[in-house]
Every structure is written in structure tokens, then in C-alpha cells.
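*Asks:* Structure file start08.cif (mmCIF, C-alpha atoms) is given on the next line.
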data_model
#
loop_
_atom_site.label_atom_id
_atom_site.label_comp_id
_atom_site.auth_asym_id
_atom_site.auth_seq_id
_atom_site.Cartn_x
_atom_site.Cartn_y
_atom_site.Cartn_z
CA MET I 1 -13.80 95.53 -60.89
CA SER I 2 -16.58 95.66 -58.31
CA VAL I 3 -18.06 92.50 -59.87
CA TYR I 4 -14.88 90.58 -59.16
CA TRP I 5 -14.85 91.77 -55.56
CA ILE I 6 -18.43 90.60 -55.12
CA ASN I 7 -17.53 87.22 -56.59
CA ALA I 8 -14.52 87.02 -54.29
CA GLY I 9 -16.68 87.79 -51.25
CA ILE I 10 -19.19 85.13 -52.23
CA ALA I 11 -16.38 82.62 -52.78
CA VAL I 12 -14.84 83.37 -49.36
CA ALA I 13 -18.22 82.96 -47.66
CA LEU I 14 -18.84 79.64 -49.41
CA VAL I 15 -15.36 78.38 -48.51
CA ALA I 16 -16.04 79.31 -44.87
CA VAL I 17 -19.29 77.32 -44.94
CA MET I 18 -17.47 74.34 -46.45
CA LEU I 19 -14.72 74.45 -43.82
CA LEU I 20 -17.14 74.81 -40.92
CA SER I 21 -19.38 71.95 -42.10
CA SER I 22 -16.37 69.73 -42.81
CA LEU I 23 -14.89 70.50 -39.38
CA ALA I 24 -18.22 69.76 -37.69
CA MET I 25 -18.48 66.38 -39.45
CA ARG I 26 -14.97 65.44 -38.38
CA ARG I 27 -15.30 66.55 -34.76
CA HIS I 28 -18.75 65.10 -34.01
CA GLU I 29 -19.58 61.54 -35.02
CA ALA I 30 -23.35 62.14 -34.96
CA LEU I 31 -22.99 65.08 -37.37
CA SER I 32 -20.86 62.99 -39.72
CA HIS I 33 -24.00 60.92 -40.44
CA SER I 34 -26.22 63.97 -40.94
CA ILE I 35 -27.63 64.14 -44.45
CA THR I 36 -28.54 67.81 -43.87
CA LEU I 37 -24.93 68.75 -43.09
CA HIS I 38 -23.71 66.85 -46.14
CA ALA I 39 -26.30 68.70 -48.24
CA ILE I 40 -25.04 72.04 -46.85
CA PHE I 41 -21.47 71.09 -47.74
CA LEU I 42 -22.50 70.02 -51.25
CA GLY I 43 -24.56 73.21 -51.72
CA ALA I 44 -21.61 75.37 -50.68
CA THR I 45 -19.28 73.40 -52.97
CA ALA I 46 -21.69 73.71 -55.91
CA GLY I 47 -22.09 77.45 -55.24
CA LEU I 48 -18.32 77.89 -55.15
CA LEU I 49 -17.85 76.03 -58.43
CA LEU I 50 -20.60 78.04 -60.12
CA THR I 51 -19.12 81.29 -58.78
CA LEU I 52 -15.69 80.34 -60.12
CA ASN I 53 -17.31 79.38 -63.43
CA LYS I 54 -19.07 82.75 -63.69
CA THR I 55 -15.88 84.61 -62.76
CA ALA I 56 -13.92 82.67 -65.40
CA ASP I 57 -16.52 83.58 -68.05
CA GLN I 58 -16.30 87.26 -67.05
CA LEU I 59 -12.51 87.20 -67.23
CA LEU I 60 -12.59 85.57 -70.67
CA ALA I 61 -15.00 88.23 -71.93
CA HIS I 62 -13.13 91.13 -70.26
CA PHE I 63 -9.71 90.20 -71.59
CA ARG I 64 -11.11 88.82 -74.88
CA ILE I 65 -9.36 85.48 -74.55
CA LYS I 66 -10.18 83.28 -77.54
CA ALA I 67 -7.96 80.28 -76.76
CA VAL I 68 -10.25 79.09 -73.97
CA LYS I 69 -13.90 78.51 -74.82
CA PRO I 70 -16.66 79.11 -72.25
CA GLU I 71 -17.98 75.63 -73.08
CA MET I 72 -14.67 74.18 -71.91
CA ILE I 73 -15.04 75.97 -68.56
CA ASP I 74 -18.59 74.68 -68.25
CA ASP I 75 -17.48 71.10 -68.90
CA ILE I 76 -14.69 71.37 -66.30
CA THR I 77 -17.19 72.76 -63.78
CA LEU I 78 -19.62 69.92 -64.43
CA VAL I 79 -16.91 67.28 -64.06
CA ALA I 80 -15.70 68.85 -60.80
CA LEU I 81 -19.25 69.06 -59.49
CA GLY I 82 -19.92 65.43 -60.41
CA LEU I 83 -16.72 64.26 -58.71
CA VAL I 84 -17.58 66.19 -55.54
CA LEU I 85 -21.09 64.75 -55.50
CA MET I 86 -19.75 61.22 -55.97
CA GLN I 87 -17.04 61.66 -53.32
CA GLN I 88 -19.46 63.01 -50.73
CA GLY I 89 -22.03 60.34 -51.55
CA PHE I 90 -19.44 57.58 -51.15
CA HIS I 91 -18.19 59.18 -47.94
CA LEU I 92 -21.69 59.30 -46.45
CA ILE I 93 -22.39 55.69 -47.46
CA ASN I 94 -19.13 54.51 -45.84
CA ARG I 95 -19.99 56.25 -42.58
CA LEU I 96 -23.54 54.95 -42.51
CA THR I 97 -22.27 51.44 -43.27
CA ALA I 98 -19.74 51.57 -40.42
CA ASP I 99 -22.46 52.89 -38.10
CA GLN I 100 -24.82 50.02 -39.00
CA VAL I 101 -22.07 47.44 -38.43
CA ARG I 102 -21.34 48.92 -34.98
CA LYS I 103 -25.05 48.65 -34.14
CA GLY I 104 -24.95 44.93 -34.87
CA SER I 105 -26.06 44.69 -38.50
CA ASP I 106 -24.60 41.94 -40.64
CA ARG I 107 -21.31 43.20 -42.04
CA THR I 108 -21.64 41.23 -45.28
CA SER I 109 -25.10 42.65 -46.04
CA ALA I 110 -24.09 46.19 -45.11
CA THR I 111 -20.99 46.06 -47.33
CA SER I 112 -22.91 44.61 -50.28
CA ILE I 113 -25.69 47.20 -50.04
CA ALA I 114 -23.07 49.98 -49.81
CA ARG I 115 -21.45 48.76 -53.04
CA ILE I 116 -24.78 48.65 -54.84
CA LEU I 117 -25.60 52.21 -53.68
CA LYS I 118 -22.20 53.45 -54.87
CA LEU I 119 -22.73 51.83 -58.26
CA MET I 120 -26.17 53.45 -58.52
CA ILE I 121 -24.72 56.88 -57.66
CA PHE I 122 -22.02 56.47 -60.31
CA LEU I 123 -24.50 55.43 -63.01
CA LEU I 124 -26.93 58.21 -62.05
CA LEU I 125 -24.23 60.88 -62.25
CA LEU I 126 -23.01 59.43 -65.54
CA LEU I 127 -26.51 59.73 -67.01
CA LEU I 128 -27.15 63.21 -65.57
CA PHE I 129 -23.88 64.82 -66.60
CA GLY I 130 -23.27 62.70 -69.69
CA GLU I 131 -26.09 64.46 -71.55
CA HIS I 132 -24.48 67.88 -70.95
CA MET I 133 -21.11 66.63 -72.20
CA GLY I 134 -22.38 65.08 -75.43
CA LEU I 135 -22.91 61.54 -74.17
CA SER I 136 -26.49 60.82 -75.17
CA LEU I 137 -28.50 58.11 -73.50
CA SER I 138 -29.06 56.33 -76.81
CA GLY I 139 -25.32 56.42 -77.48
CA LEU I 140 -24.57 54.94 -74.09
CA MET I 141 -27.13 52.19 -74.67
CA ALA I 142 -25.69 51.47 -78.12
CA PHE I 143 -22.21 51.26 -76.63
CA GLY I 144 -23.59 48.97 -73.97
CA GLY I 145 -25.07 46.73 -76.67
CA PHE I 146 -22.14 46.42 -79.08
CA GLY I 147 -19.39 47.12 -76.58
CA GLY I 148 -20.95 44.74 -74.07
CA ILE I 149 -20.48 41.82 -76.46
CA ALA I 150 -16.80 42.64 -76.93
CA ILE I 151 -16.27 43.19 -73.23
CA GLY I 152 -18.13 39.98 -72.43
CA ILE I 153 -15.87 37.96 -74.72
CA ALA I 154 -12.63 39.63 -73.62
CA GLY I 155 -13.48 39.76 -69.91
CA ARG I 156 -15.38 36.50 -69.54
CA ASP I 157 -13.44 35.53 -66.41
CA VAL I 158 -13.94 38.95 -64.86
CA LEU I 159 -17.70 38.85 -65.47
CA SER I 160 -17.84 35.28 -64.18
CA ASN I 161 -16.14 36.37 -60.96
CA MET I 162 -18.50 39.35 -60.58
CA PHE I 163 -21.60 37.17 -61.12
CA SER I 164 -20.25 34.61 -58.66
CA GLY I 165 -19.71 37.42 -56.14
CA VAL I 166 -23.40 38.33 -56.44
CA MET I 167 -24.33 34.68 -55.95
CA LEU I 168 -22.14 34.50 -52.83
CA TYR I 169 -24.19 37.35 -51.37
CA PHE I 170 -27.53 35.65 -52.04
CA ASP I 171 -26.48 32.06 -51.21
CA ARG I 172 -24.49 33.09 -48.11
CA PRO I 173 -22.21 30.04 -47.80
CA PHE I 174 -20.03 32.27 -45.62
CA ARG I 175 -19.90 35.79 -44.26
CA LEU I 176 -17.22 38.28 -43.31
CA GLY I 177 -15.33 37.00 -40.29
CA ASP I 178 -16.23 33.32 -40.86
CA TRP I 179 -13.58 30.62 -40.71
CA ILE I 180 -13.86 28.53 -43.88
CA ARG I 181 -11.95 25.68 -45.49
CA SER I 182 -12.25 23.67 -48.68
CA PRO I 183 -11.54 19.94 -48.80
CA ASP I 184 -11.09 20.30 -52.59
CA ARG I 185 -8.46 23.05 -52.50
CA ASN I 186 -5.76 24.22 -50.12
CA ILE I 187 -8.01 27.02 -48.85
CA GLU I 188 -8.46 27.69 -45.13
CA GLY I 189 -8.67 30.88 -43.12
CA THR I 190 -10.88 33.77 -42.04
CA VAL I 191 -12.90 35.71 -44.64
CA GLU I 192 -11.85 39.37 -44.53
CA GLU I 193 -13.44 40.78 -47.68
CA ILE I 194 -15.87 39.63 -50.37
CA GLY I 195 -15.12 41.87 -53.35
CA TRP I 196 -16.69 42.23 -56.77
CA ARG I 197 -14.05 39.97 -58.35
CA MET I 198 -12.31 38.05 -55.58
CA THR I 199 -12.51 37.14 -51.91
CA ARG I 200 -9.66 37.88 -49.51
CA ILE I 201 -8.99 35.18 -46.92
CA MET I 202 -6.46 35.59 -44.11
CA THR I 203 -4.82 32.22 -43.51
CA PHE I 204 -3.87 31.08 -40.02
CA ASP I 205 -0.22 31.91 -40.66
CA LYS I 206 -1.38 35.52 -41.36
CA ARG I 207 -0.85 35.42 -45.12
CA PRO I 208 -3.59 36.97 -47.28
CA LEU I 209 -5.06 34.53 -49.79
CA TYR I 210 -6.97 36.00 -52.77
CA VAL I 211 -9.48 33.57 -54.30
CA PRO I 212 -11.46 34.43 -57.48
CA ASN I 213 -15.17 34.33 -56.71
CA SER I 214 -15.86 31.91 -59.58
CA VAL I 215 -13.81 29.24 -57.76
CA PHE I 216 -16.48 28.95 -55.06
CA SER I 217 -19.06 27.85 -57.63
CA SER I 218 -17.08 24.69 -58.40
CA ILE I 219 -15.66 23.59 -55.03
CA SER I 220 -17.02 22.36 -51.71
CA VAL I 221 -16.76 24.85 -48.85
CA GLU I 222 -16.82 23.86 -45.21
CA ASN I 223 -17.84 26.64 -42.84
CA PRO I 224 -16.85 25.83 -39.24
CA GLY I 225 -17.67 29.45 -38.43
CA GLN I 226 -21.40 28.62 -38.64
CA MET I 227 -21.25 25.58 -36.35
CA ARG I 228 -23.96 25.34 -33.70
CA ASN I 229 -21.90 22.99 -31.49
CA ARG I 230 -18.42 21.53 -31.18
CA ARG I 231 -17.88 17.82 -30.68
CA ILE I 232 -15.88 16.05 -27.98
CA GLU I 233 -14.94 12.55 -29.13
CA ALA I 234 -12.54 10.26 -27.32
CA THR I 235 -11.83 6.62 -26.60
CA ILE I 236 -10.30 5.63 -23.27
CA GLY I 237 -8.91 2.16 -22.48
CA LEU I 238 -9.04 0.45 -19.09
CA ARG I 239 -6.91 -2.51 -18.05
CA TYR I 240 -8.32 -6.02 -18.42
CA GLU I 241 -7.91 -6.55 -14.66
CA ASP I 242 -10.41 -3.68 -14.17
CA ALA I 243 -13.18 -5.48 -16.08
CA ASP I 244 -15.46 -5.57 -13.03
CA LYS I 245 -15.24 -1.77 -12.71
CA VAL I 246 -16.05 -0.83 -16.31
CA ALA I 247 -19.81 -0.56 -15.77
CA ALA I 248 -19.43 1.79 -12.80
CA VAL I 249 -16.89 3.96 -14.65
CA VAL I 250 -19.19 4.22 -17.69
CA SER I 251 -22.15 5.18 -15.49
CA ASP I 252 -20.21 7.87 -13.60
CA ILE I 253 -18.77 9.41 -16.79
CA ARG I 254 -22.27 9.55 -18.32
CA GLY I 255 -23.63 11.16 -15.16
CA MET I 256 -20.79 13.69 -15.09
CA LEU I 257 -21.55 14.77 -18.66
CA HIS I 258 -25.28 15.06 -17.94
CA GLN I 259 -24.55 17.34 -14.99
CA SER I 260 -22.09 19.59 -16.87
CA GLU I 261 -23.48 23.01 -17.76
CA HIS I 262 -21.20 23.17 -20.79
CA ILE I 263 -22.53 20.05 -22.53
CA ASP I 264 -25.54 20.42 -24.83
CA LEU I 265 -27.97 17.69 -23.78
CA GLN I 266 -30.17 18.37 -26.82
CA GLN I 267 -27.45 16.79 -28.97
CA THR I 268 -26.26 13.21 -29.11
CA LEU I 269 -24.51 12.03 -25.92
CA LEU I 270 -22.96 8.56 -25.94
CA VAL I 271 -20.82 6.82 -23.30
CA TYR I 272 -20.48 3.07 -23.87
CA PHE I 273 -18.05 0.19 -23.41
CA ASP I 274 -17.62 -0.69 -27.08
CA ALA I 275 -14.52 -2.78 -27.76
CA PHE I 276 -12.18 -5.50 -26.51
CA ALA I 277 -8.86 -4.12 -27.75
CA ASP I 278 -5.53 -5.95 -27.76
CA SER I 279 -4.48 -4.56 -24.37
CA SER I 280 -7.46 -2.54 -23.13
CA LEU I 281 -11.20 -2.43 -22.59
CA ASN I 282 -12.30 0.58 -24.62
CA ILE I 283 -14.96 3.11 -23.60
CA MET I 284 -16.31 5.46 -26.26
CA ILE I 285 -17.19 9.07 -25.26
CA TYR I 286 -19.18 11.23 -27.70
CA CYS I 287 -20.89 14.54 -26.90
CA PHE I 288 -21.22 18.19 -27.96
CA THR I 289 -20.44 21.44 -26.19
CA LYS I 290 -22.74 24.46 -26.24
CA THR I 291 -19.94 26.80 -27.29
CA THR I 292 -18.43 26.94 -30.76
CA ARG I 293 -15.41 29.04 -29.81
CA TRP I 294 -12.25 27.01 -30.19
CA ALA I 295 -10.48 28.27 -27.04
CA GLU I 296 -13.59 27.73 -24.87
CA TRP I 297 -14.11 24.28 -26.40
CA LEU I 298 -10.52 23.32 -25.57
CA ALA I 299 -10.98 24.43 -21.96
CA ILE I 300 -14.24 22.44 -21.62
CA GLN I 301 -12.68 19.35 -23.24
CA GLN I 302 -9.74 19.58 -20.85
CA GLU I 303 -12.12 19.82 -17.87
CA VAL I 304 -14.06 16.76 -19.08
CA PHE I 305 -10.87 14.73 -19.58
CA LEU I 306 -9.53 15.62 -16.12
CA LYS I 307 -12.83 14.58 -14.52
CA ILE I 308 -12.67 11.28 -16.42
CA VAL I 309 -9.21 10.68 -14.94
CA GLU I 310 -10.62 11.35 -11.45
CA ILE I 311 -13.55 8.99 -12.01
CA VAL I 312 -11.32 6.15 -13.24
CA HIS I 313 -8.92 6.52 -10.33
CA SER I 314 -11.74 6.86 -7.79
CA HIS I 315 -12.87 3.33 -8.66
CA GLY I 316 -9.36 1.93 -8.18
CA ALA I 317 -9.00 1.39 -11.91
CA ASP I 318 -6.33 2.70 -14.24
CA PHE I 319 -5.70 3.33 -17.89
CA ALA I 320 -4.21 0.62 -20.06
CA PHE I 321 -1.13 0.91 -22.19
CA PRO I 322 0.16 -1.46 -24.88
CA THR I 323 1.54 -4.59 -23.21
CA GLN I 324 2.52 -8.08 -24.25
CA THR I 325 2.70 -11.23 -22.13
CA VAL I 326 5.40 -13.76 -23.02
CA TYR I 327 5.04 -17.38 -21.84
CA LEU I 328 8.27 -19.40 -21.63
CA GLU I 329 7.93 -23.15 -21.86
CA LYS I 330 10.45 -25.26 -19.95
CA ASP I 331 12.17 -28.21 -21.64
#
Just give me the structure of the file as C-alpha cells.
*Replies:*
Amino acid sequence: MSVYWINAGIAVALVAVMLLSSLAMRRHEALSHSITLHAIFLGATAGLLLTLNKTADQLLAHFRIKAVKPEMIDDITLVALGLVLMQQGFHLINRLTADQVRKGSDRTSATSIARILKLMIFLLLLLLFGEHMGLSLSGLMAFGGFGGIAIGIAGRDVLSNMFSGVMLYFDRPFRLGDWIRSPDRNIEGTVEEIGWRMTRIMTFDKRPLYVPNSVFSSISVENPGQMRNRRIEATIGLRYEDADKVAAVVSDIRGMLHQSEHIDLQQTLLVYFDAFADSSLNIMIYCFTKTTRWAEWLAIQQEVFLKIVEIVHSHGADFAFPTQTVYLEKD
């Protein structure tokens, strides 16, 4: 009986180490990213599982239980140990990924690398523990050869979506958080997740839209989220009786835009009298703002338009509106 008490004491000590390390990782953010603390937790967990395994073997031998084989206990222990290793590895990767994103790393790259690391951990554990459970490496490779053909035929669309997801990562037509739209399909919104099989887009009416990754290989995608500038384009019309003031108005509007700190002078800037319309003399205004944020662009455009109104009125001119002149001939 003393052996069981020793095992119980060891188990209690290992549980205490697990609880303390887990509590430390939850309470302190810096410790949650510590590989050493995760290794301590995994070591304590592995020790506890091995202690329980040894105790189970002793109980089976002491009570001469034949229904349960020691090999079965060993397999259960290995599976539990593998699951704990995978869970802790995934947990550490998630925390490190979130930490890198907070530091300013690209969220798309960090998420993709995290998925690759998780896949590598899963395959490594499968190879390590598969040998002990009767899954030989040659058998796995044979299954991958013959079974891969069957899976490839049955899951052609799934594999196509997964391959397209990899291509999205390397081509980078968009990233997480980008606003995208497709002129070919009714797709427009903000990219929230690029998964193995599909991409989740949150539309502007706050409805999630799930698009298979293979779709992006056959459609055009417009990415306003990667714009370097936003355009202001407008046409204003002056009255025909203000024809002698058009040149001065055009000059002042052009000067106003050149002096604005919000207008990017490295881009095209055009202000010209360009058309004799039916009831107005039209002036074309074409320029780009430095900001790409929609709300800021709207505020800058509003400021530009209000200054244009002031310039037109300061010259005693006014804006035209559709009019018709009717001449009546007397008999």
C-alpha cells in the first residue's frame, strides 16, 4: 500500500505544479508567452500521466484484472499525452500570434504562419505516436498514396479551395481588414478571415458572406483598402452672363487646391473650363487627397466644395441651373 501512497503524493505534487503554472500564465501576460513555463506545465502533465499509467499497471497486477490489458492503458496514456502536447502547442501559438499582431505585424501573415505551425505540430505528433500505436510510417505513406487519389477525386472542390487559399497568401490581392469588391460578382465588404477553404467577408449591412477561395482565382477583385489616394472629381457650371469671370474663378480654385495641405500635389491636379453646356459654362475639377479614409475624404471634399462656393460668390458670379428662354413672335 505504501507504493500507492507514494504515487498519490507524486500525483498531488504534479497537479500543484500544473495549477500554479496555469494560474501564472493566466494572471501575467508576459508569462503566458514563456516557452519555459509551458515546458514546465507539459512536463508536469506528462509526469502525472505516467504516474497514473504506472499506478494503473500496479492495480491491474495486484488485483489480477485480465479484462483490461496494460497495452490498452499505455495507448490511452499516449493519446492523452499527445492531445495535451497539441493543445498546449496550439495555445502557445495563438498567444504568440496575438502578441505579434499587437506589435504591428501583418495579421494575414501571422495567421497563415500560425496555421502552418499547427499543421506541422499535428503531423509531427501523428508520426511520433503513430509508430507506438501500430501506425507505421510506410503504412501512412501507402495510405497517402492510394487514399490520396480517392480523396482527390471525391474532394476536388475542397482541395481546390485549399490550394487557392495558399495562393491568396502568396499573391496577396487582399489582407485581413481590407475592403474589397468584385465587379464580376455581388461581393463587397471587409475581409474578416481567410481560412483554409473559404474567406469570410462582412458586408456593409453587417451580414457575413462566405466565399470559397477558388472563386477568387476566376474573378476580378477590386481592393479599395489598398488605395494610396482618394479622388475628388466634380463639374461646376457658371451662368453664361458670368463668362468674363470664368478665368478668374478657375485660377482661384486652382490656387486654393495648391495651397491645401490635404491635397496630394504629386498626383494629377486639373482645374479647367472645359464645356459649353446647354445652360452653363462648365469647369472641371480633378484632384486627389492624401488620405484614403472614407470619412476623412468626405470631410476634405466638403471643405473643398464650400471654398469653391466662396470663390464663385466672391467674384460676383453664381452657379447655373437648367433654364430655357422662350421668344414670342408678334403677329
*Asks:* For the file shown, report as a count of residues only the outcome of the PyMOL selection byres ((chain I and resi 284) around 7) at residue level.
*Replies:* 11
*Asks:* Using the chain letters and numbering of this document, enumerate as a PyMOL selection string the residues selected by the PyMOL selection byres ((chain I and resi 212) around 8).
*Replies:* chain I and resi 161+197-199+210-211+213-216
*Asks:* Hey, what's within 12 Å of I:Pro208 if we count all atoms listed in the file and toss same-chain stuff fewer than 3 positions away? As a ChimeraX atom specification, please?
*Replies:* /I:187-193,199-205,211
*Asks:* Could you tell me, as a PDB file with C-alpha atoms, in the coordinates of the input, exactly which residues end up selected when the PyMOL selection byres ((chain I and resi 297) around 12) is applied to this structure?
*Replies:*
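Below you can see result06.pdb, which holds the result:
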ATOM      1  CA  ASN I 229     -21.900  22.990 -31.490  1.00  0.00           C
ATOM      2  CA  ARG I 230     -18.420  21.530 -31.180  1.00  0.00           C
ATOM      3  CA  ARG I 231     -17.880  17.820 -30.680  1.00  0.00           C
ATOM      4  CA  ILE I 232     -15.880  16.050 -27.980  1.00  0.00           C
ATOM      5  CA  HIS I 262     -21.200  23.170 -20.790  1.00  0.00           C
ATOM      6  CA  ILE I 263     -22.530  20.050 -22.530  1.00  0.00           C
ATOM      7  CA  CYS I 287     -20.890  14.540 -26.900  1.00  0.00           C
ATOM      8  CA  PHE I 288     -21.220  18.190 -27.960  1.00  0.00           C
ATOM      9  CA  THR I 289     -20.440  21.440 -26.190  1.00  0.00           C
ATOM     10  CA  LYS I 290     -22.740  24.460 -26.240  1.00  0.00           C
ATOM     11  CA  THR I 291     -19.940  26.800 -27.290  1.00  0.00           C
ATOM     12  CA  THR I 292     -18.430  26.940 -30.760  1.00  0.00           C
ATOM     13  CA  ARG I 293     -15.410  29.040 -29.810  1.00  0.00           C
ATOM     14  CA  TRP I 294     -12.250  27.010 -30.190  1.00  0.00           C
ATOM     15  CA  ALA I 295     -10.480  28.270 -27.040  1.00  0.00           C
ATOM     16  CA  GLU I 296     -13.590  27.730 -24.870  1.00  0.00           C
ATOM     17  CA  LEU I 298     -10.520  23.320 -25.570  1.00  0.00           C
ATOM     18  CA  ALA I 299     -10.980  24.430 -21.960  1.00  0.00           C
ATOM     19  CA  ILE I 300     -14.240  22.440 -21.620  1.00  0.00           C
ATOM     20  CA  GLN I 301     -12.680  19.350 -23.240  1.00  0.00           C
ATOM     21  CA  GLN I 302      -9.740  19.580 -20.850  1.00  0.00           C
ATOM     22  CA  GLU I 303     -12.120  19.820 -17.870  1.00  0.00           C
ATOM     23  CA  VAL I 304     -14.060  16.760 -19.080  1.00  0.00           C
TER      24      VAL I 304
END
*Asks:* With a distance cut-off of 7 Å and only C-alpha atoms, select the neighbouring residues of I:Met18, excluding the residue or stretch itself and same-chain residues fewer than 3 positions from it, and output the selection as a list in words.
*Replies:*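 Everything that qualifies: Leu14, Val15, Ser21, Ser22, Phe41, Ala44 and Thr45 of chain I.
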*Asks:* To one decimal in Å, tell me the separation between atom CA of I:Leu85 and atom CA of I:Arg107.
*Replies:*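 Computing it gives 25.4 Å between the two atoms.
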*Asks:* Neighbouring residues of I:Asn94 were defined as those with any atom within 10 Å, considering only C-alpha atoms; residues of the same chain fewer than 3 positions away were excluded. Please report them as JSON, numbers by chain.
*Replies:* {"I": [33, 88, 89, 90, 91, 97, 98, 99, 100, 110, 111, 114, 115, 118]}
*Asks:* Write out as an MDAnalysis selection string the residues lying within 12 Å of I:Pro183, counting all atoms listed in the file and excluding same-chain residues fewer than 6 positions away.
*Replies:* chainID I and resid 219:223
*Asks:* With only C-alpha atoms as the basis for distance, which of I:Leu19, I:Leu52, I:Ile180, I:Val68 is at the shortest distance from I:Tyr4?
*Replies:*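 Of I:Leu19, I:Leu52, I:Ile180, I:Val68, the one nearest I:Tyr4, counting only C-alpha atoms, is I:Leu52.
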*Asks:* Quick one: pull the distance between atom CA of I:Trp196 and atom CA of I:Ser160, Å, one decimal.
*Replies:* 10.2 Å
